[in-house]
file structure.cif (mmCIF, C-alpha atoms and all ligand atoms)
data_entry
loop_
_atom_site.label_atom_id
_atom_site.label_comp_id
_atom_site.auth_asym_id
_atom_site.auth_seq_id
_atom_site.Cartn_x
_atom_site.Cartn_y
_atom_site.Cartn_z
CA MET A 347 0.00 0.00 0.00
CA LYS A 348 2.78 2.35 1.00
CA LYS A 349 4.44 1.57 -2.31
CA LYS A 350 1.24 2.34 -4.16
CA ILE A 351 1.05 5.79 -2.61
CA LYS A 352 4.63 6.45 -3.59
CA CYS A 353 3.88 5.30 -7.07
CA VAL A 354 1.05 7.83 -7.27
CA ILE A 355 3.34 10.59 -5.94
CA ARG A 356 5.99 9.71 -8.46
CA PHE A 357 3.38 9.70 -11.18
CA LEU A 358 2.23 13.19 -10.23
CA ILE A 359 5.82 14.46 -10.24
CA SER A 360 6.65 12.89 -13.54
CA ALA A 361 3.36 13.92 -15.18
CA PHE A 362 4.78 17.42 -15.25
CA ILE A 363 7.82 16.18 -17.02
CA LEU A 364 6.99 13.44 -19.49
CA GLY A 365 7.11 9.99 -18.02
CA GLY A 366 5.05 7.91 -15.65
CA CYS A 367 5.18 4.95 -13.38
CA THR A 368 4.44 1.73 -15.10
CA GLY A 369 2.78 -0.81 -12.86
CA LYS A 370 5.28 -2.93 -11.02
CA GLN A 371 8.18 -1.57 -12.97
CA ASN A 372 9.98 1.02 -10.99
CA VAL A 373 10.77 3.03 -14.11
CA GLN A 374 10.62 6.70 -14.76
CA GLU A 375 10.96 8.04 -18.28
CA SER A 376 12.76 11.24 -19.19
CA SER A 377 13.00 11.97 -15.52
CA GLN A 378 14.24 15.14 -13.91
CA LEU A 379 13.23 14.00 -10.45
CA TYR A 380 12.53 10.86 -8.60
CA ASP A 381 11.00 10.30 -5.21
CA GLU A 382 13.93 10.56 -2.78
CA THR A 383 12.18 8.28 -0.28
CA VAL A 384 12.85 5.27 -2.49
CA ARG A 385 16.35 5.29 -1.05
CA GLY A 386 14.81 4.71 2.35
CA ASP A 387 13.09 1.67 0.90
CA GLY A 388 16.48 0.24 0.05
CA TYR A 389 16.14 0.45 -3.70
CA ILE A 390 19.27 0.77 -5.81
CA VAL A 391 18.77 3.81 -8.04
CA VAL A 392 20.10 3.29 -11.55
CA GLY A 393 20.19 5.90 -14.31
CA PHE A 394 20.30 4.39 -17.80
CA SER A 395 21.19 6.62 -20.74
CA GLN A 396 20.13 4.67 -23.83
CA VAL A 397 21.14 5.60 -27.42
CA GLY A 398 17.61 5.80 -28.83
CA SER A 399 15.03 3.51 -30.41
CA GLU A 400 16.45 3.39 -33.92
CA SER A 401 16.29 -0.36 -34.53
CA ASP A 402 14.74 -3.71 -33.59
CA TRP A 403 18.01 -4.54 -31.85
CA ARG A 404 17.74 -1.42 -29.72
CA ILE A 405 14.16 -2.21 -28.71
CA GLY A 406 15.21 -5.70 -27.58
CA ASN A 407 18.15 -4.18 -25.74
CA THR A 408 15.99 -1.64 -23.87
CA GLU A 409 13.53 -4.37 -22.94
CA SER A 410 16.32 -6.50 -21.49
CA PHE A 411 17.18 -3.65 -19.07
CA ARG A 412 13.58 -2.79 -18.22
CA SER A 413 12.70 -6.37 -17.38
CA ILE A 414 15.62 -6.90 -14.99
CA PHE A 415 15.89 -3.48 -13.27
CA THR A 416 12.51 -3.83 -11.57
CA GLU A 417 11.08 -3.07 -8.17
CA GLU A 418 10.90 -6.81 -7.42
CA ASN A 419 14.64 -7.02 -8.01
CA GLY A 420 15.25 -4.00 -5.76
CA TYR A 421 15.84 -1.28 -8.35
CA TYR A 422 14.53 2.12 -9.22
CA LEU A 423 15.32 2.77 -12.87
CA LEU A 424 15.59 6.21 -14.41
CA PHE A 425 15.44 5.61 -18.15
CA GLU A 426 16.51 8.27 -20.64
CA ASP A 427 16.21 7.83 -24.41
CA GLY A 428 18.97 9.89 -26.06
CA GLN A 429 17.14 9.94 -29.40
CA GLN A 430 20.42 9.34 -31.21
CA LYS A 431 21.95 12.62 -29.98
CA GLN A 432 25.04 12.82 -27.80
CA GLU A 433 23.95 16.17 -26.37
CA ASN A 434 20.82 14.49 -24.95
CA GLN A 435 22.93 11.77 -23.37
CA LEU A 436 25.27 14.34 -21.81
CA LYS A 437 22.28 16.11 -20.31
CA SER A 438 20.86 12.86 -18.92
CA ILE A 439 24.12 11.91 -17.26
CA ARG A 440 24.44 15.33 -15.63
CA ASN A 441 20.88 14.90 -14.46
CA PHE A 442 21.67 11.51 -12.95
CA ILE A 443 24.66 13.02 -11.16
CA LEU A 444 22.49 15.83 -9.74
CA GLN A 445 20.06 13.25 -8.47
CA GLU A 446 22.85 11.27 -6.85
CA VAL A 447 21.89 7.96 -8.42
CA ASP A 448 23.78 4.89 -7.21
CA TYR A 449 24.93 3.73 -10.67
CA ILE A 450 24.94 5.10 -14.20
CA ILE A 451 24.61 2.80 -17.19
CA LEU A 452 25.69 4.45 -20.42
CA ASP A 453 25.29 3.15 -23.96
CA PRO A 454 27.28 5.89 -25.73
CA ILE A 455 26.06 6.81 -29.20
CA VAL A 456 29.59 7.69 -30.34
CA GLU A 457 33.01 6.89 -28.89
CA THR A 458 34.42 10.38 -28.38
CA GLY A 459 33.49 13.40 -26.27
CA TRP A 460 32.82 11.73 -22.91
CA ASP A 461 35.89 12.64 -20.81
CA ALA A 462 34.41 15.67 -19.05
CA VAL A 463 31.06 14.17 -18.09
CA LEU A 464 32.61 10.88 -16.97
CA GLN A 465 35.04 12.84 -14.83
CA GLU A 466 32.05 14.60 -13.23
CA ALA A 467 30.47 11.21 -12.46
CA LYS A 468 33.75 9.96 -11.03
CA ASP A 469 34.12 13.08 -8.85
CA ALA A 470 30.60 12.46 -7.57
CA GLY A 471 31.60 8.87 -6.71
CA ILE A 472 29.08 7.30 -9.09
CA PRO A 473 30.27 4.15 -10.90
CA VAL A 474 29.58 4.19 -14.65
CA ILE A 475 28.98 0.92 -16.46
CA LEU A 476 29.20 1.03 -20.25
CA ALA A 477 26.88 -1.30 -22.13
CA ASP A 478 26.95 -2.19 -25.85
CA ARG A 479 28.97 0.64 -27.42
CA SER A 480 32.16 1.94 -25.87
CA VAL A 481 34.08 5.18 -25.34
CA LYS A 482 37.55 6.45 -26.20
CA VAL A 483 38.81 8.33 -23.15
CA GLU A 484 42.17 9.53 -21.90
CA ASP A 485 41.76 7.73 -18.58
CA GLU A 486 40.20 4.25 -18.60
CA ASP A 487 39.42 4.65 -14.88
CA LEU A 488 36.61 7.03 -15.84
CA TYR A 489 34.33 4.00 -16.16
CA THR A 490 34.07 0.84 -14.08
CA CYS A 491 33.63 -1.68 -16.88
CA TRP A 492 32.17 -2.35 -20.31
CA VAL A 493 29.95 -5.19 -21.51
CA GLY A 494 29.04 -5.78 -25.15
CA SER A 495 29.90 -7.33 -28.50
CA ASN A 496 33.16 -7.67 -30.37
CA PHE A 497 32.17 -5.53 -33.36
CA HIS A 498 35.55 -5.85 -35.06
CA GLU A 499 35.26 -9.62 -34.91
CA GLU A 500 31.72 -9.45 -36.37
CA GLY A 501 33.04 -7.45 -39.35
CA ARG A 502 36.05 -9.70 -39.83
CA ARG A 503 33.84 -12.78 -39.78
CA ALA A 504 31.63 -11.17 -42.44
CA GLY A 505 34.70 -10.72 -44.67
CA GLU A 506 35.76 -14.32 -44.14
CA TRP A 507 32.28 -15.58 -44.87
CA LEU A 508 32.24 -13.68 -48.17
CA LEU A 509 35.63 -15.09 -49.07
CA ASP A 510 34.40 -18.67 -48.56
CA TYR A 511 31.08 -18.03 -50.27
CA LEU A 512 32.66 -16.57 -53.41
CA GLU A 513 35.03 -19.50 -53.56
CA GLU A 514 32.11 -21.93 -53.30
CA GLN A 515 30.41 -20.07 -56.13
CA GLY A 516 33.55 -20.20 -58.27
CA ARG A 517 33.80 -16.40 -58.23
CA SER A 518 37.13 -16.00 -56.43
CA GLU A 519 38.86 -14.48 -59.44
CA GLU A 520 36.00 -12.13 -60.46
CA THR A 521 35.93 -8.42 -59.71
CA ILE A 522 33.45 -8.07 -56.86
CA ASN A 523 31.79 -4.67 -56.50
CA ILE A 524 30.77 -3.88 -52.96
CA VAL A 525 28.84 -1.05 -51.29
CA THR A 526 28.51 -0.54 -47.53
CA LEU A 527 25.68 0.97 -45.51
CA GLN A 528 27.45 2.11 -42.37
CA GLY A 529 25.92 2.68 -38.98
CA THR A 530 26.16 5.95 -37.06
CA ILE A 531 29.63 7.33 -37.77
CA ASP A 532 32.00 7.14 -34.78
CA SER A 533 29.82 4.59 -32.98
CA SER A 534 31.69 1.50 -31.79
CA ALA A 535 29.40 -0.75 -33.82
CA GLN A 536 30.17 1.21 -37.02
CA ILE A 537 33.91 1.47 -36.40
CA GLY A 538 34.33 -2.20 -35.49
CA ARG A 539 32.20 -3.61 -38.31
CA THR A 540 33.74 -1.34 -40.96
CA GLU A 541 37.32 -2.00 -39.83
CA GLY A 542 36.79 -5.71 -39.25
CA PHE A 543 35.41 -6.18 -42.78
CA LYS A 544 38.18 -3.98 -44.17
CA SER A 545 40.83 -6.23 -42.62
CA ILE A 546 39.71 -8.94 -45.10
CA LEU A 547 38.85 -6.54 -47.94
CA ASP A 548 42.44 -5.25 -47.91
CA THR A 549 43.76 -8.74 -48.61
CA GLN A 550 41.60 -9.20 -51.74
CA ALA A 551 42.82 -7.30 -54.79
CA ASN A 552 39.67 -8.15 -56.79
CA TRP A 553 37.22 -6.78 -54.18
CA ASN A 554 36.25 -3.26 -55.13
CA MET A 555 34.62 -1.22 -52.35
CA MET A 556 32.76 1.33 -54.47
CA GLU A 557 31.33 3.45 -51.68
CA TYR A 558 30.68 3.73 -47.96
CA GLN A 559 27.73 5.81 -46.74
CA SER A 560 26.17 6.05 -43.32
CA ALA A 561 22.45 5.40 -42.96
CA ASP A 562 22.48 5.91 -39.19
CA PHE A 563 21.23 2.37 -38.39
CA THR A 564 17.66 3.21 -39.47
CA GLN A 565 15.38 1.55 -42.00
CA ALA A 566 14.28 4.82 -43.63
CA LYS A 567 17.84 5.99 -44.25
CA GLY A 568 18.89 2.49 -45.32
CA LYS A 569 16.28 2.67 -48.06
CA GLU A 570 17.27 6.19 -49.07
CA VAL A 571 21.01 5.47 -49.30
CA MET A 572 20.51 2.12 -51.07
CA SER A 573 18.29 3.85 -53.67
CA TYR A 574 21.12 6.31 -54.25
CA PHE A 575 23.65 3.45 -54.61
CA LEU A 576 21.39 1.66 -57.10
CA GLU A 577 20.97 4.77 -59.21
CA LYS A 578 24.68 5.45 -59.23
CA TYR A 579 25.97 1.90 -59.81
CA ASP A 580 24.35 -0.76 -61.96
CA ASP A 581 26.89 -3.45 -61.12
CA ILE A 582 26.66 -3.95 -57.35
CA ASP A 583 27.53 -7.54 -56.41
CA VAL A 584 27.55 -7.24 -52.61
CA LEU A 585 25.88 -5.07 -50.01
CA VAL A 586 27.41 -4.97 -46.55
CA SER A 587 24.77 -3.49 -44.26
CA GLU A 588 25.92 -2.75 -40.73
CA ASN A 589 22.54 -3.52 -39.15
CA ASP A 590 19.32 -5.34 -39.95
CA ASN A 591 17.06 -2.31 -40.05
CA MET A 592 19.16 -0.63 -42.74
CA THR A 593 19.01 -3.99 -44.55
CA PHE A 594 15.20 -3.99 -44.45
CA GLY A 595 15.22 -0.52 -46.05
CA ALA A 596 17.79 -1.64 -48.62
CA VAL A 597 15.74 -4.68 -49.59
CA GLU A 598 12.75 -2.36 -50.24
CA ALA A 599 14.96 -0.12 -52.39
CA ILE A 600 16.28 -3.12 -54.34
CA ARG A 601 12.74 -4.35 -55.02
CA GLU A 602 11.52 -0.91 -56.03
CA ALA A 603 14.44 -0.56 -58.44
CA GLY A 604 13.36 -3.83 -60.07
CA ARG A 605 16.51 -5.58 -58.88
CA THR A 606 16.87 -8.79 -56.87
CA CYS A 607 18.84 -9.99 -53.86
CA GLY A 608 19.41 -13.13 -51.82
CA PRO A 609 20.74 -16.53 -52.87
CA ASP A 610 18.54 -16.62 -56.01
CA GLY A 611 19.07 -12.96 -56.88
CA GLU A 612 21.80 -10.62 -58.08
CA ILE A 613 22.95 -8.82 -54.94
CA ILE A 614 24.55 -10.72 -52.05
CA ILE A 615 23.52 -9.17 -48.72
CA LEU A 616 25.57 -9.42 -45.53
CA SER A 617 23.78 -8.05 -42.50
CA PHE A 618 24.41 -7.63 -38.76
CA ASP A 619 22.28 -8.17 -35.62
CA SER A 620 20.21 -11.31 -36.48
CA VAL A 621 16.93 -9.94 -35.11
CA ARG A 622 13.84 -12.07 -35.66
CA ALA A 623 12.59 -10.16 -38.71
CA ALA A 624 15.99 -10.59 -40.36
CA MET A 625 15.98 -14.33 -39.70
CA GLU A 626 12.57 -14.37 -41.40
CA ALA A 627 13.96 -12.36 -44.32
CA MET A 628 16.70 -14.96 -44.62
CA LEU A 629 14.06 -17.69 -44.71
CA GLN A 630 12.36 -15.73 -47.51
CA GLY A 631 15.69 -15.76 -49.36
CA GLU A 632 16.32 -12.00 -49.22
CA ILE A 633 19.46 -11.93 -47.07
CA HIS A 634 22.38 -14.35 -47.46
CA VAL A 635 23.94 -14.16 -44.03
CA ASP A 636 23.51 -12.38 -40.72
CA PHE A 637 26.15 -11.85 -38.03
CA GLU A 638 24.62 -12.01 -34.62
CA CYS A 639 24.87 -9.20 -32.13
CA ASN A 640 23.37 -10.10 -28.77
CA PRO A 641 21.13 -7.30 -27.37
CA ILE A 642 20.34 -9.05 -24.07
CA LEU A 643 22.80 -7.11 -21.94
CA GLY A 644 20.49 -6.15 -19.03
CA PRO A 645 21.03 -9.32 -16.96
CA LYS A 646 24.83 -9.08 -17.38
CA VAL A 647 24.85 -5.49 -16.19
CA GLU A 648 22.56 -6.35 -13.28
CA GLU A 649 24.93 -9.11 -12.22
CA ILE A 650 27.81 -6.63 -12.34
CA ILE A 651 25.90 -4.23 -10.07
CA ARG A 652 25.12 -7.03 -7.64
CA ARG A 653 28.81 -7.88 -7.46
CA LEU A 654 29.81 -4.25 -6.98
CA GLU A 655 27.25 -3.98 -4.19
CA LYS A 656 29.02 -6.86 -2.43
CA GLY A 657 32.34 -5.09 -2.88
CA GLU A 658 33.58 -7.66 -5.39
CA ALA A 659 35.89 -6.84 -8.28
CA VAL A 660 34.49 -7.01 -11.82
CA GLU A 661 36.30 -7.59 -15.10
CA LYS A 662 36.93 -4.39 -17.03
CA ILE A 663 35.99 -5.73 -20.47
CA GLN A 664 33.28 -8.36 -20.87
CA TYR A 665 32.35 -9.72 -24.31
CA VAL A 666 29.14 -11.61 -25.00
CA GLU A 667 29.05 -14.81 -27.11
CA GLU A 668 27.95 -14.53 -30.73
CA GLN A 669 27.55 -16.58 -33.91
CA TYR A 670 26.31 -16.17 -37.45
CA PHE A 671 23.49 -17.63 -39.52
CA ASP A 672 23.22 -18.18 -43.26
CA THR A 673 20.75 -19.65 -45.71
CA SER A 674 22.58 -23.00 -45.80
CA MET A 675 21.49 -23.65 -42.18
CA ASP A 676 18.22 -25.02 -40.78
CA LEU A 677 16.92 -21.55 -39.91
CA GLU A 678 13.44 -22.69 -38.87
CA LYS A 679 14.92 -24.93 -36.21
CA ILE A 680 17.37 -22.24 -35.08
CA MET A 681 14.53 -19.70 -34.76
CA GLU A 682 12.63 -21.99 -32.37
CA THR A 683 15.36 -21.52 -29.78
CA ARG A 684 15.96 -17.79 -30.19
CA THR A 685 14.60 -15.26 -27.74
CA TYR A 686 15.06 -12.13 -29.88
O1 LIG B 701 23.69 -3.21 -34.40
C1 LIG B 701 22.04 -1.55 -34.30
C2 LIG B 701 21.75 -0.52 -33.29
O2 LIG B 701 25.11 -0.63 -31.01
C3 LIG B 701 25.18 -2.92 -31.51
O3 LIG B 701 23.00 -0.23 -32.71
C4 LIG B 701 24.37 -1.70 -31.50
C5 LIG B 701 23.84 -1.34 -32.86
C6 LIG B 701 22.99 -2.40 -33.54
O4 LIG B 701 21.04 0.52 -33.73
O5 LIG B 701 20.92 -2.23 -34.78
#

call {"tool": "encode", "arguments": {"input": "structure.cif", "output": "structure tokens", "more": "lines below"}}
Ligand code: GYE
result
Amino acid sequence: MKKKIKCVIRFLISAFILGGCTGKQNVQESSQLYDETVRGDGYIVVGFSQVGSESDWRIGNTESFRSIFTEENGYYLLFEDGQQKQENQLKSIRNFILQEVDYIILDPIVETGWDAVLQEAKDAGIPVILADRSVKVEDEDLYTCWVGSNFHEEGRRAGEWLLDYLEEQGRSEETINIVTLQGTIDSSAQIGRTEGFKSILDTQANWNMMEYQSADFTQAKGKEVMSYFLEKYDDIDVLVSENDNMTFGAVEAIREAGRTCGPDGEIIILSFDSVRAAMEAMLQGEIHVDFECNPILGPKVEEIIRRLEKGEAVEKIQYVEEQYFDTSMDLEKIMETRTY
């Protein structure tokens, strides 16, 4: 009952701002304030600065945090959607510091420009846990640890897969024209995937990377940039698309241009993330291969916080396990076991 009253109070406070209190989830959206008395209840107050809601991957990622940082698990979660803008994320972090949260979780949209704000968090004694993307800072002690994917390895694997596939198809000696839809420039996922793929590209004299363009990880921009590529080049053999949502947009553009893709079509598509809709697109024969990126980071971060609460040491860098899927595999069976 007491909790219900607090929930109502929090709702009234946040109604002025934007968010609300959602049932049993101790979550406040776009918060400027939270009810200080929750500390007295023994909740751990966590501020999460998320990149945005640009992709299916991101939605799964947000959900994995929301479903673990709950009242039942002893948390009060302040959730801020950065809407793909670093300035919004900087504001959120400063807000979390003002509110003296216990932990800050940051998924940084880009790698650079975080030194000052992380120093402020450090000075305030608030541990910062990085999730998914990472930062480039002068002093690595500005954050406690990072958990996420090995983006460079994902890109490198994509290059190796293409190498094997072309060999299988007897096309190893052909000139292979490639275009790349990049993610948000300067984001870890973009840098790693571009550089990882390039590490194989650079070894293949007959692979011709015609153009790189960013489509910001969104479906709408993926479609726009792919339409531009198709107008400019009529001999694209391969599309490397640095996330599934850009791939969905690109597939629409390919169809609208009267072109074809997938194992029975002209353009070979390599995608990243392996979200459900992309696995389905692979079953439909639109995408050749998808390199998995695991969005379920919430439980890992929660475990880290539990360990920090007990005064235990945590590893600085923690990678999650990943694999890839292609049309030669039993995708229907694989999909039965997947949770995202
Ligand atoms: O691939 C993409 C999202 O940072 C790994 O961001 C993440 C990427 C993911 O928008 O879909």

call {"tool": "atom_distance", "arguments": {"input": "structure.cif", "atom1": "atom CA of Tyr665 of chain A", "atom2": "atom CA of Ser399 of chain A"}}
result
22.6 Å

call {"tool": "closest_atom_pairs", "arguments": {"input": "structure.cif", "of": "chain A", "to": "ligand LIG 701 (chain B)", "cutoff": "9 Å", "atoms": "only C-alpha atoms and all ligand atoms", "output": "JSON lines"}}
result
{"residue": "A:Val397", "atom": "CA", "partner": "B:LIG701", "partner_atom": "O3", "distance": 8.1}
{"residue": "A:Gly398", "atom": "CA", "partner": "B:LIG701", "partner_atom": "O4", "distance": 8.0}
{"residue": "A:Ser399", "atom": "CA", "partner": "B:LIG701", "partner_atom": "O4", "distance": 7.5}
{"residue": "A:Glu400", "atom": "CA", "partner": "B:LIG701", "partner_atom": "O4", "distance": 5.4}
{"residue": "A:Ser401", "atom": "CA", "partner": "B:LIG701", "partner_atom": "O4", "distance": 4.9}
{"residue": "A:Asp402", "atom": "CA", "partner": "B:LIG701", "partner_atom": "O5", "distance": 6.5}
{"residue": "A:Trp403", "atom": "CA", "partner": "B:LIG701", "partner_atom": "O5", "distance": 4.7}
{"residue": "A:Arg404", "atom": "CA", "partner": "B:LIG701", "partner_atom": "C2", "distance": 5.4}
{"residue": "A:Ile405", "atom": "CA", "partner": "B:LIG701", "partner_atom": "O4", "distance": 8.9}
{"residue": "A:Asn407", "atom": "CA", "partner": "B:LIG701", "partner_atom": "C4", "distance": 8.8}
{"residue": "A:Asp453", "atom": "CA", "partner": "B:LIG701", "partner_atom": "O2", "distance": 8.0}
{"residue": "A:Pro454", "atom": "CA", "partner": "B:LIG701", "partner_atom": "O2", "distance": 8.7}
{"residue": "A:Ile455", "atom": "CA", "partner": "B:LIG701", "partner_atom": "O2", "distance": 7.7}
{"residue": "A:Asp478", "atom": "CA", "partner": "B:LIG701", "partner_atom": "O2", "distance": 5.7}
{"residue": "A:Arg479", "atom": "CA", "partner": "B:LIG701", "partner_atom": "O2", "distance": 5.4}
{"residue": "A:Gly494", "atom": "CA", "partner": "B:LIG701", "partner_atom": "C3", "distance": 8.0}
{"residue": "A:Ser495", "atom": "CA", "partner": "B:LIG701", "partner_atom": "C3", "distance": 7.1}
{"residue": "A:Phe497", "atom": "CA", "partner": "B:LIG701", "partner_atom": "C3", "distance": 7.7}
{"residue": "A:Gly529", "atom": "CA", "partner": "B:LIG701", "partner_atom": "C1", "distance": 7.4}
{"residue": "A:Thr530", "atom": "CA", "partner": "B:LIG701", "partner_atom": "O4", "distance": 8.2}
{"residue": "A:Ser533", "atom": "CA", "partner": "B:LIG701", "partner_atom": "O2", "distance": 7.3}
{"residue": "A:Ser534", "atom": "CA", "partner": "B:LIG701", "partner_atom": "O2", "distance": 7.0}
{"residue": "A:Ala535", "atom": "CA", "partner": "B:LIG701", "partner_atom": "O2", "distance": 5.1}
{"residue": "A:Gln536", "atom": "CA", "partner": "B:LIG701", "partner_atom": "C5", "distance": 8.0}
{"residue": "A:Asp562", "atom": "CA", "partner": "B:LIG701", "partner_atom": "O4", "distance": 7.8}
{"residue": "A:Phe563", "atom": "CA", "partner": "B:LIG701", "partner_atom": "O4", "distance": 5.0}
{"residue": "A:Thr564", "atom": "CA", "partner": "B:LIG701", "partner_atom": "O4", "distance": 7.2}
{"residue": "A:Glu588", "atom": "CA", "partner": "B:LIG701", "partner_atom": "O1", "distance": 6.7}
{"residue": "A:Asn589", "atom": "CA", "partner": "B:LIG701", "partner_atom": "O5", "distance": 4.8}
{"residue": "A:Asp590", "atom": "CA", "partner": "B:LIG701", "partner_atom": "O5", "distance": 6.2}
{"residue": "A:Asn591", "atom": "CA", "partner": "B:LIG701", "partner_atom": "O5", "distance": 6.5}
{"residue": "A:Met592", "atom": "CA", "partner": "B:LIG701", "partner_atom": "O5", "distance": 8.3}
{"residue": "A:Phe618", "atom": "CA", "partner": "B:LIG701", "partner_atom": "O1", "distance": 6.3}
{"residue": "A:Asp619", "atom": "CA", "partner": "B:LIG701", "partner_atom": "O1", "distance": 5.3}
{"residue": "A:Val621", "atom": "CA", "partner": "B:LIG701", "partner_atom": "O5", "distance": 8.7}
{"residue": "A:Glu638", "atom": "CA", "partner": "B:LIG701", "partner_atom": "O1", "distance": 8.9}
{"residue": "A:Cys639", "atom": "CA", "partner": "B:LIG701", "partner_atom": "C3", "distance": 6.3}
{"residue": "A:Asn640", "atom": "CA", "partner": "B:LIG701", "partner_atom": "C3", "distance": 7.9}
{"residue": "A:Pro641", "atom": "CA", "partner": "B:LIG701", "partner_atom": "C3", "distance": 7.3}

call {"tool": "atom_distance", "arguments": {"input": "structure.cif", "atom1": "atom CA of Arg385 of chain A", "atom2": "atom CA of Ala467 of chain A"}}
result
19.1 Å

call {"tool": "atom_distance", "arguments": {"input": "structure.cif", "atom1": "atom CA of Gln396 of chain A", "atom2": "atom CA of Thr490 of chain A"}}
result
17.4 Å

call {"tool": "residues_around", "arguments": {"input": "structure.cif", "residues": "segment 436-452 of chain A", "least_positions_apart": "3", "cutoff": "7 Å", "atoms": "only C-alpha atoms", "output": "MDAnalysis selection string"}}
result
chainID A and resid 378 390:396 426 432:433 463 467 470 472:477

call {"tool": "closest_residue", "arguments": {"input": "structure.cif", "among": "A:Leu527, A:Lys679, A:Glu513, A:Ile663", "to": "Val493 of chain A", "atoms": "only C-alpha atoms"}}
result
A:Ile663

call {"tool": "residues_around", "arguments": {"input": "structure.cif", "residues": "segment 415-418 of chain A", "least_positions_apart": "3", "cutoff": "9 Å", "atoms": "all atoms listed in the file", "output": "JSON, numbers by chain"}}
result
{"A": [370, 371, 372, 373, 389, 392, 410, 411, 412, 421, 422, 423, 644, 645, 648]}

call {"tool": "write_last_selection", "arguments": {"input": "structure.cif", "atoms": "C-alpha atoms", "output": "PDB file, in the frame of the given file"}}
result
ATOM      1  CA  LYS A 370       5.280  -2.930 -11.020  1.00  0.00           C
ATOM      2  CA  GLN A 371       8.180  -1.570 -12.970  1.00  0.00           C
ATOM      3  CA  ASN A 372       9.980   1.020 -10.990  1.00  0.00           C
ATOM      4  CA  VAL A 373      10.770   3.030 -14.110  1.00  0.00           C
ATOM      5  CA  TYR A 389      16.140   0.450  -3.700  1.00  0.00           C
ATOM      6  CA  VAL A 392      20.100   3.290 -11.550  1.00  0.00           C
ATOM      7  CA  SER A 410      16.320  -6.500 -21.490  1.00  0.00           C
ATOM      8  CA  PHE A 411      17.180  -3.650 -19.070  1.00  0.00           C
ATOM      9  CA  ARG A 412      13.580  -2.790 -18.220  1.00  0.00           C
ATOM     10  CA  TYR A 421      15.840  -1.280  -8.350  1.00  0.00           C
ATOM     11  CA  TYR A 422      14.530   2.120  -9.220  1.00  0.00           C
ATOM     12  CA  LEU A 423      15.320   2.770 -12.870  1.00  0.00           C
ATOM     13  CA  GLY A 644      20.490  -6.150 -19.030  1.00  0.00           C
ATOM     14  CA  PRO A 645      21.030  -9.320 -16.960  1.00  0.00           C
ATOM     15  CA  GLU A 648      22.560  -6.350 -13.280  1.00  0.00           C
TER      16      GLU A 648
END

call {"tool": "closest_residue", "arguments": {"input": "structure.cif", "among": "A:Glu577, A:Ser674, A:Met572, A:Pro609", "to": "Gly595 of chain A", "atoms": "all atoms listed in the file"}}
result
A:Met572

call {"tool": "closest_residue", "arguments": {"input": "structure.cif", "among": "A:Arg517, A:Lys578, A:Arg502, A:Lys569", "to": "Trp553 of chain A", "atoms": "all atoms listed in the file"}}
result
A:Arg517

call {"tool": "residues_around", "arguments": {"input": "structure.cif", "residues": "Ala659 of chain A", "least_positions_apart": "4", "cutoff": "12 Å", "atoms": "all atoms listed in the file", "output": "list in words"}}
result
Thr490, Cys491, Glu649, Ile650, Ile651, Arg652, Arg653, Leu654 and Glu655 of chain A

call {"tool": "closest_residue", "arguments": {"input": "structure.cif", "among": "A:Ala551, A:Met628, A:Ile680, A:Ile614", "to": "Ile582 of chain A", "atoms": "all atoms listed in the file"}}
result
A:Ile614

call {"tool": "residues_around", "arguments": {"input": "structure.cif", "residues": "Val483 of chain A", "least_positions_apart": "3", "cutoff": "9 Å", "atoms": "all atoms listed in the file", "output": "JSON, numbers by chain"}}
result
{"A": [457, 458, 459, 460, 461, 486, 488]}

call {"tool": "closest_residue", "arguments": {"input": "structure.cif", "among": "A:Asp532, A:Glu506, A:Glu541, A:Asp581", "to": "Met556 of chain A", "atoms": "all atoms listed in the file"}}
result
A:Asp581

call {"tool": "residues_around", "arguments": {"input": "structure.cif", "residues": "Phe575 of chain A", "least_positions_apart": "6", "cutoff": "12 Å", "atoms": "only C-alpha atoms", "output": "PyMOL selection string"}}
result
chain A and resi 523-527+556-561+568-569+581-585+596+599-600+603

call {"tool": "closest_residue", "arguments": {"input": "structure.cif", "among": "A:Val666, A:Met675, A:Ile615, A:Ala462", "to": "Asn496 of chain A", "atoms": "only C-alpha atoms"}}
result
A:Val666

call {"tool": "residues_near_point", "arguments": {"input": "structure.cif", "point": "(15.1, -14.9, -29.0)", "cutoff": "10 Å", "atoms": "all atoms listed in the file", "output": "ChimeraX atom specification"}}
result
/A:406,620-622,640-642,680-686

call {"tool": "write_last_selection", "arguments": {"input": "structure.cif", "atoms": "C-alpha atoms", "output": "mmCIF file, in the frame of the given file"}}
result
data_model
loop_
_atom_site.group_PDB
_atom_site.id
_atom_site.type_symbol
_atom_site.label_atom_id
_atom_site.label_comp_id
_atom_site.auth_asym_id
_atom_site.auth_seq_id
_atom_site.Cartn_x
_atom_site.Cartn_y
_atom_site.Cartn_z
ATOM 1 C CA GLY A 406 15.210 -5.700 -27.580
ATOM 2 C CA SER A 620 20.210 -11.310 -36.480
ATOM 3 C CA VAL A 621 16.930 -9.940 -35.110
ATOM 4 C CA ARG A 622 13.840 -12.070 -35.660
ATOM 5 C CA ASN A 640 23.370 -10.100 -28.770
ATOM 6 C CA PRO A 641 21.130 -7.300 -27.370
ATOM 7 C CA ILE A 642 20.340 -9.050 -24.070
ATOM 8 C CA ILE A 680 17.370 -22.240 -35.080
ATOM 9 C CA MET A 681 14.530 -19.700 -34.760
ATOM 10 C CA GLU A 682 12.630 -21.990 -32.370
ATOM 11 C CA THR A 683 15.360 -21.520 -29.780
ATOM 12 C CA ARG A 684 15.960 -17.790 -30.190
ATOM 13 C CA THR A 685 14.600 -15.260 -27.740
ATOM 14 C CA TYR A 686 15.060 -12.130 -29.880
#
